[in-house]
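The structure appears right after this line, and notes come after that.
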Amino acid sequence: KEIEEEQLKHHETKALLSQTGRQLQELQEEKQDLKIAQEEDRRKIKNLEQQLLASQAQVDLARKEIEEEQLKHHETKALLSQTGRQLQELQEEKQDLKIAQEEDRRKIKNLEQQLLASQAQVDLARKEIEEEQ
């Protein structure tokens with residue numbers, strides 16, 4: 001009877017170890033997916049920052065042209081308004097991406113903590129198996 005109980009404990013430990021290993025793999029895959037998404041967000045932010053700089057340069061150029069050529073007031077106003085709207089939109093998109101990136105970082109941190117906890121469970125289960133043997 002004791003042997004059967006030990007065999008049952010051993011079987012349950014192996015099942016727990018297998019389940020924890022699967023969870024560990026899933027967490028690692030989720031972490032990798034989040035890292036890929038974070039890299040994409042960083043590229044998008046960099047692209048938006050470049051677009052923002054280009055738009056700001058367009059605004060500066062438009063202002064200089066206004067001074068040099070004394071463009072009609074109405075045309076100048078329309079160009080500046082459009083560029084200002086573009087700048088505003090790009091700044092809002094950049095802010096949205098930064099918020100999403102922060103969320104991704106929090107998710108990665110959380111997944112890393114879960115991964116550490118799972119690894120600790122695996123280590124504990126292995127130790128228990130070794131002690132039983």
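Every chain in the structure tokens has a letter given in the order shown (A, B, ...), and although residue numbers restart at 1 in each chain, ligands are simply numbered from 1 in the order shown.
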Which residues of region 64-90 of chain A sit at most 12 Å from region 95-118 of chain A, using only C-alpha atoms? Give each one's shortest atom pair and distance in Å (one decimal place), in chain and ascending residue order, as a Markdown table.
```
| residue | atom | partner | partner_atom | distance |
| --- | --- | --- | --- | --- |
| A:Gln88 | CA | A:Gln95 | CA | 10.5 |
| A:Glu89 | CA | A:Gln95 | CA | 9.8 |
| A:Leu90 | CA | A:Gln95 | CA | 8.5 |
```
Just the selected residues (C-alpha atoms), exported as an mmCIF file, in the first residue's frame, please.
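That gives us result_39.cif:
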```
data_model
loop_
_atom_site.group_PDB
_atom_site.id
_atom_site.type_symbol
_atom_site.label_atom_id
_atom_site.label_comp_id
_atom_site.auth_asym_id
_atom_site.auth_seq_id
_atom_site.Cartn_x
_atom_site.Cartn_y
_atom_site.Cartn_z
ATOM 1 C CA GLN A 88 -1.361 67.556 -33.806
ATOM 2 C CA GLU A 89 -2.409 64.213 -35.294
ATOM 3 C CA LEU A 90 1.169 62.931 -35.304
#
```
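The shell of residues at most 12 Å from Gln56 (chain A), with only C-alpha atoms counted and near chain neighbours (fewer than 4 positions) removed, consists of Leu48, Glu49, Gln50, Gln51, Leu52, Asp60, Leu61, Ala62, Arg63, Leu80, Thr83, Gly84, Arg85, Gln86, Leu87, Gln88, Leu90 and Gln91 of chain A.
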Could you list, as a ChimeraX atom specification, every residue within 9 Å of region 2-11 of chain A, counting only C-alpha atoms and ignoring same-chain residues fewer than 5 positions away? /A:16,129,132
Using only all heavy atoms, please write the residues we just selected to a file, as a PDB file, in the first residue's frame.
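What landed in selection_27.pdb:
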```
ATOM      1  N   LEU A  16       2.199  17.349 -12.485  1.00  0.00           N
ATOM      2  CA  LEU A  16       2.344  18.758 -12.113  1.00  0.00           C
ATOM      3  C   LEU A  16       3.548  19.374 -12.821  1.00  0.00           C
ATOM      4  O   LEU A  16       3.483  20.491 -13.333  1.00  0.00           O
ATOM      5  CB  LEU A  16       2.494  18.893 -10.586  1.00  0.00           C
ATOM      6  CG  LEU A  16       2.724  20.315 -10.061  1.00  0.00           C
ATOM      7  CD1 LEU A  16       1.546  21.215 -10.399  1.00  0.00           C
ATOM      8  CD2 LEU A  16       2.936  20.287  -8.546  1.00  0.00           C
ATOM      9  N   ILE A 129      10.975  15.369  -6.262  1.00  0.00           N
ATOM     10  CA  ILE A 129      11.178  14.088  -6.948  1.00  0.00           C
ATOM     11  C   ILE A 129      12.514  13.485  -6.533  1.00  0.00           C
ATOM     12  O   ILE A 129      12.617  12.284  -6.229  1.00  0.00           O
ATOM     13  CB  ILE A 129      11.112  14.271  -8.482  1.00  0.00           C
ATOM     14  CG1 ILE A 129       9.667  14.590  -8.888  1.00  0.00           C
ATOM     15  CG2 ILE A 129      11.605  13.028  -9.205  1.00  0.00           C
ATOM     16  CD1 ILE A 129       9.538  14.982 -10.343  1.00  0.00           C
ATOM     17  N   GLU A 132      12.324  12.110  -3.104  1.00  0.00           N
ATOM     18  CA  GLU A 132      11.566  10.851  -3.036  1.00  0.00           C
ATOM     19  C   GLU A 132      12.391   9.676  -3.565  1.00  0.00           C
ATOM     20  O   GLU A 132      12.274   8.543  -3.107  1.00  0.00           O
ATOM     21  CB  GLU A 132      10.281  10.970  -3.864  1.00  0.00           C
ATOM     22  CG  GLU A 132       9.241  11.830  -3.163  1.00  0.00           C
ATOM     23  CD  GLU A 132       7.952  11.930  -3.978  1.00  0.00           C
ATOM     24  OE1 GLU A 132       7.805  11.155  -4.941  1.00  0.00           O
ATOM     25  OE2 GLU A 132       7.135  12.761  -3.652  1.00  0.00           O
TER      26      GLU A 132
END
```
Polymer residues at most 12 Å from Arg126 (chain A), only C-alpha atoms, same-chain spacing of 2 or more positions, as a PDB file with C-alpha atoms, in the first residue's frame:
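Below is the file part.pdb, written as the result:
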```pdb
ATOM      1  CA  HIS A  10       5.346  10.283  -8.091  1.00  0.00           C
ATOM      2  CA  THR A  13       4.367  15.137  -9.279  1.00  0.00           C
ATOM      3  CA  LYS A  14       5.246  14.223 -12.864  1.00  0.00           C
ATOM      4  CA  ALA A  15       1.841  15.507 -14.021  1.00  0.00           C
ATOM      5  CA  LEU A  16       2.344  18.758 -12.113  1.00  0.00           C
ATOM      6  CA  LEU A  17       5.834  19.105 -13.548  1.00  0.00           C
ATOM      7  CA  SER A  18       4.498  18.543 -17.063  1.00  0.00           C
ATOM      8  CA  THR A  20       4.144  23.631 -15.121  1.00  0.00           C
ATOM      9  CA  GLY A  21       6.481  23.053 -18.070  1.00  0.00           C
ATOM     10  CA  GLN A 119      10.436  28.128 -12.769  1.00  0.00           C
ATOM     11  CA  ALA A 120      10.475  28.081  -8.977  1.00  0.00           C
ATOM     12  CA  GLN A 121       7.575  25.582  -9.024  1.00  0.00           C
ATOM     13  CA  VAL A 122       9.468  23.400 -11.477  1.00  0.00           C
ATOM     14  CA  ASP A 123      12.608  23.546  -9.324  1.00  0.00           C
ATOM     15  CA  LEU A 124      10.572  22.663  -6.214  1.00  0.00           C
ATOM     16  CA  GLU A 128      10.704  16.783  -4.311  1.00  0.00           C
ATOM     17  CA  ILE A 129      11.178  14.088  -6.948  1.00  0.00           C
ATOM     18  CA  GLU A 130      14.867  13.844  -6.126  1.00  0.00           C
ATOM     19  CA  GLU A 131      14.102  13.614  -2.427  1.00  0.00           C
ATOM     20  CA  GLU A 132      11.566  10.851  -3.036  1.00  0.00           C
ATOM     21  CA  GLN A 133      14.073   8.922  -5.060  1.00  0.00           C
TER      22      GLN A 133
END
```
